[in-house]
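The structure appears right after this line, and notes come after that.
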Amino acid sequence: MKAAPVLRAAGNRSRVEQTLVHTGQHYDANMSEVFFSQLEIPSPDFNLGVGSSSHAQQTAEIMSKFEPIVLKRKPDVVLVYGDVNSTVAAALVCAKLGIRVGHVEAGLRSFDWNMPEEINRVITDRLADFLFTPSEDGDVNLGHEGIPAEKIYRVGNVMIDSLVRLLPAANQCTRNGFPERYALVTLHRPSNVDDSQSLKSILQALLEINEDLPVIFPVHPRTRERIEKFALNAGKLHLLEPLPYVEFLALQRRAVVVITDSGGIQEETTYLGVPCLTLRNSTERPVTVTLGTNVVVGQERDKLSFELSKIVAGKAKKGTVPPLWDGHAGERIADVLQTLRLH
C-alpha cells in the first residue's frame, strides 16, 4: 500500500529506472499477492521469499539475500517503507555498502521502546539520506534527533494515496450479508495477541460489545493461531479470513467504529472520518489523535467501553484530515527523486 503510489509516480518520470524487491516478509496470499493485483503493482523483479521467523532470523535472512541484489544492480538510491524488519534490514545493507537510502514514512515515533517497530524506525532514520515524512510531527521528531533539515522532505501520507485511488472500487462493494451497523476489529500486535491473558481480556471485551453491536473481525494468521493455541472463546464474533484491501476498505468506511492495534488503520479511519479506538498504550501517529478520529484506549476495558458508548450515542470526536493527506504523496516523492543529484 505504501510502495504502490511511489512506483506508479516514479514510473512516469523519464530519469527514474526502478527495481522492485519483495522480501516475502508478508507471505499470506490474502495479505500479499492480492494486494499486488488490486494496487496494480508490477511483479517483483526479485522475491526473497523470507517468510516468518524470529526478528533476528528474519532480519538476517533479508540482509543476506538482499545484499547480492544491491551489489548486482548498483542503485543510486534504495527506498524503504514503514517500520518492519524488511525496512531496517535493507537500510543496514545499503548503509554498509555506501548506497543512499530513502525512508518513506520517516520520523514517526511512539517513544515506546517495547515496540520492535520503534527500534526499526529510529535505526532506519539514522541511516537514511532522504527522509520522507507524512506529517509535521515527523519533521519535529527528526529535528530533535539531530537530523539535518536538508535531509527531510514532508510529502504527505502514501497510505492515503492508495486509499484515495481505491475508494471508488470500495464504494462499489456490496455488503455481502453484513449487518447495517457493526464494529470492525483488527488485532495482530505481539503485545496484544502473544500473551494469553491480554488476548483473553480483549476477546471478552469484544464479546460484550457484540451483544449490542455486531463485531466483524478479519483475523490475522498470527492472531488466529494464538486464539487456537490458548483455546480462547471467540465463537460468537463474526470471524473472517484476512481480506483483500478493497474489501477491507469497504468494511472500514461503513463501520460505526473501528477497533484496532494497526498503525495504518489509524490513518485510514482519520481520512475516512470513521471513529477509531486503538488498543495500544501509545501511537507513533499522534496526528490521528490531535487532528483525526483516533482515541488511544490502551488495554483498559473500562476506557474502551466508555469511548465506545460515546460513539454509539453519536458523540464521537470529530476529526479533520491532516495537511498533504491528499492522494499525491507518491508524486511528491517521485519529484524529489527526479531532481536529486544522486551521483
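The chains in the C-alpha cells are called A, B, ... from first to last as shown; in each chain the residues are counted from 1, and the ligands are counted from 1 in the order shown.
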Got a sec: who's within 9 Å of Arg253 of chain A, counting only C-alpha atoms, leaving out chain neighbours fewer than 5 positions off, as a ChimeraX atom specification?
/A:167,170-171,248,268-269,272-274
Dump as a short mmCIF file (atom, residue, chain, number, x, y, z; two decimals), in the first residue's frame, selection limited to N, CA and C atoms:
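Dumped everything to result.cif:
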```cif
data_model
loop_
_atom_site.label_atom_id
_atom_site.label_comp_id
_atom_site.auth_asym_id
_atom_site.auth_seq_id
_atom_site.Cartn_x
_atom_site.Cartn_y
_atom_site.Cartn_z
N LEU A 167 -10.77 3.92 -3.25
CA LEU A 167 -12.04 4.17 -2.58
C LEU A 167 -13.24 4.01 -3.51
N ALA A 170 -14.03 0.44 -3.59
CA ALA A 170 -14.59 0.01 -2.31
C ALA A 170 -16.05 0.42 -2.20
N ASN A 171 -16.38 1.58 -2.72
CA ASN A 171 -17.77 2.05 -2.66
C ASN A 171 -18.72 1.17 -3.46
N PHE A 248 -11.64 -4.86 2.48
CA PHE A 248 -11.49 -4.35 3.85
C PHE A 248 -11.82 -2.87 3.91
N GLU A 268 -6.08 5.61 8.09
CA GLU A 268 -7.19 5.46 7.14
C GLU A 268 -8.51 5.92 7.74
N THR A 269 -8.76 5.57 9.00
CA THR A 269 -10.01 5.99 9.63
C THR A 269 -10.05 7.51 9.79
N LEU A 272 -11.09 8.82 6.48
CA LEU A 272 -12.48 8.46 6.19
C LEU A 272 -13.47 9.11 7.15
N GLY A 273 -12.97 9.66 8.26
CA GLY A 273 -13.87 10.25 9.25
C GLY A 273 -14.61 9.21 10.09
N VAL A 274 -14.04 8.01 10.17
CA VAL A 274 -14.64 6.92 10.95
C VAL A 274 -14.00 6.87 12.33
#
```
Considering only C-alpha atoms, return as a PDB file with N, CA and C atoms, in the first residue's frame whatever protein or nucleic-acid residues lie within 7 Å of Thr320 of chain A, sequence-local ones (same chain, fewer than 2 positions apart) excluded.
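Contents of result.pdb, as written:
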```pdb
ATOM      1  N   LEU A 291      -5.557  15.602  15.395  1.00  0.00           N
ATOM      2  CA  LEU A 291      -6.386  16.129  14.316  1.00  0.00           C
ATOM      3  C   LEU A 291      -7.484  15.162  13.893  1.00  0.00           C
ATOM      4  N   GLY A 292      -7.227  13.870  14.016  1.00  0.00           N
ATOM      5  CA  GLY A 292      -8.113  12.878  13.443  1.00  0.00           C
ATOM      6  C   GLY A 292      -9.154  12.310  14.387  1.00  0.00           C
ATOM      7  N   PRO A 322      -5.326  15.598   8.033  1.00  0.00           N
ATOM      8  CA  PRO A 322      -4.071  16.356   8.148  1.00  0.00           C
ATOM      9  C   PRO A 322      -3.610  16.919   6.801  1.00  0.00           C
TER      10      PRO A 322
END
```
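Nearest to Gln57 of chain A of all the residues A:Ser86, A:Phe178, A:Tyr245, A:Val158 is A:Ser86, based on only C-alpha atoms.
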Need the shell around Ser110 of chain A: protein/DNA/RNA residues with any atom at most 9 Å away, counting only C-alpha atoms. Skip same-chain ones fewer than 5 positions apart. Format as a list in words?
Met115, Glu118, Ser282, Thr283, Glu284, Arg285 and Pro286 of chain A
Env of Leu206 of chain A: 10 Å cut, atoms = only C-alpha atoms, seq-sep filter 6 positions within chain, self excluded. Answer as a VMD selection string.
chain A and resid 183 185 200 213 to 217 234 236 to 237 259 301 304 to 305
Contacts of Thr59 of chain A at 9 Å or less, counting only C-alpha atoms, minus same-chain residues fewer than 3 places along, as number ranges by chain?
A: 54-56, 62-64, 85-86, 88-90
Output the selection as a compact mmCIF listing (two decimals), in the first residue's frame - C-alpha atoms for each residue.
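To be explicit, this is the file written out as out_2.txt:
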```txt
# COMPACT_ATOMS: atom_id res chain seq x y z
CA SER A 54 12.07 -14.54 14.78
CA HIS A 55 13.12 -10.90 14.48
CA ALA A 56 16.80 -11.84 14.36
CA ILE A 62 16.65 -10.43 4.40
CA MET A 63 20.09 -8.85 4.71
CA SER A 64 21.93 -11.87 3.31
CA ASN A 85 12.06 -5.82 9.71
CA SER A 86 12.42 -5.52 5.93
CA VAL A 88 15.72 -1.81 8.75
CA ALA A 89 17.37 -4.84 7.11
CA ALA A 90 17.54 -3.16 3.70
```
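In this structure, atom CA of Val78 of chain A sits 9.2 Å away from atom CA of Thr19 of chain A.
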Distance query Val336 of chain A at most 12 Å, only C-alpha atoms, self and fewer than 2 positions along chain excluded, as a tab-separated table (two decimals) with C-alpha atoms, in the first residue's frame:
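Written file, out08.tsv:
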```
chain	number	residue	atom	x	y	z
A	6	VAL	CA	5.61	5.75	-5.48
A	9	ALA	CA	4.54	8.06	-9.91
A	10	ALA	CA	8.23	7.28	-10.41
A	13	ARG	CA	9.41	10.06	-14.70
A	15	ARG	CA	15.01	9.81	-15.40
A	16	VAL	CA	13.92	7.12	-12.93
A	77	VAL	CA	19.10	5.10	-4.06
A	102	GLY	CA	15.30	6.99	1.18
A	130	PHE	CA	16.38	11.17	2.34
A	131	LEU	CA	13.62	11.19	4.95
A	132	PHE	CA	10.11	11.45	3.53
A	151	LYS	CA	17.54	15.63	4.51
A	152	ILE	CA	13.86	15.97	5.46
A	153	TYR	CA	11.05	16.17	2.91
A	154	ARG	CA	7.47	16.42	4.11
A	155	VAL	CA	5.49	14.77	1.33
A	329	ALA	CA	2.39	11.95	-1.69
A	330	GLY	CA	3.82	9.44	-4.17
A	331	GLU	CA	4.09	12.15	-6.82
A	332	ARG	CA	5.97	14.42	-4.42
A	333	ILE	CA	8.45	11.63	-3.65
A	334	ALA	CA	8.93	10.98	-7.36
A	338	GLN	CA	13.87	13.03	-10.25
A	339	THR	CA	15.61	16.21	-9.18
A	340	LEU	CA	18.15	14.72	-6.80
A	341	ARG	CA	21.71	14.69	-7.99
A	342	LEU	CA	22.45	11.22	-6.73
```
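Residue-level DSSP output for segment 103-227 of chain A, from the backbone, shows strand (DSSP E or B) at His103, Val104, Phe130, Leu131, Phe132, Thr133, Ile152, Tyr153, Arg154, Ala183, Leu184, Val185, Val215, Ile216, Phe217 and Pro218 of chain A.
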Excluding segment 224-229 of chain A and its own-chain neighbours fewer than 3 positions away, which residues fall within 12 Å of it when counting only C-alpha atoms? Please give them as a ChimeraX atom specification.
/A:186-190,192-203,217-221,232-235,239-242
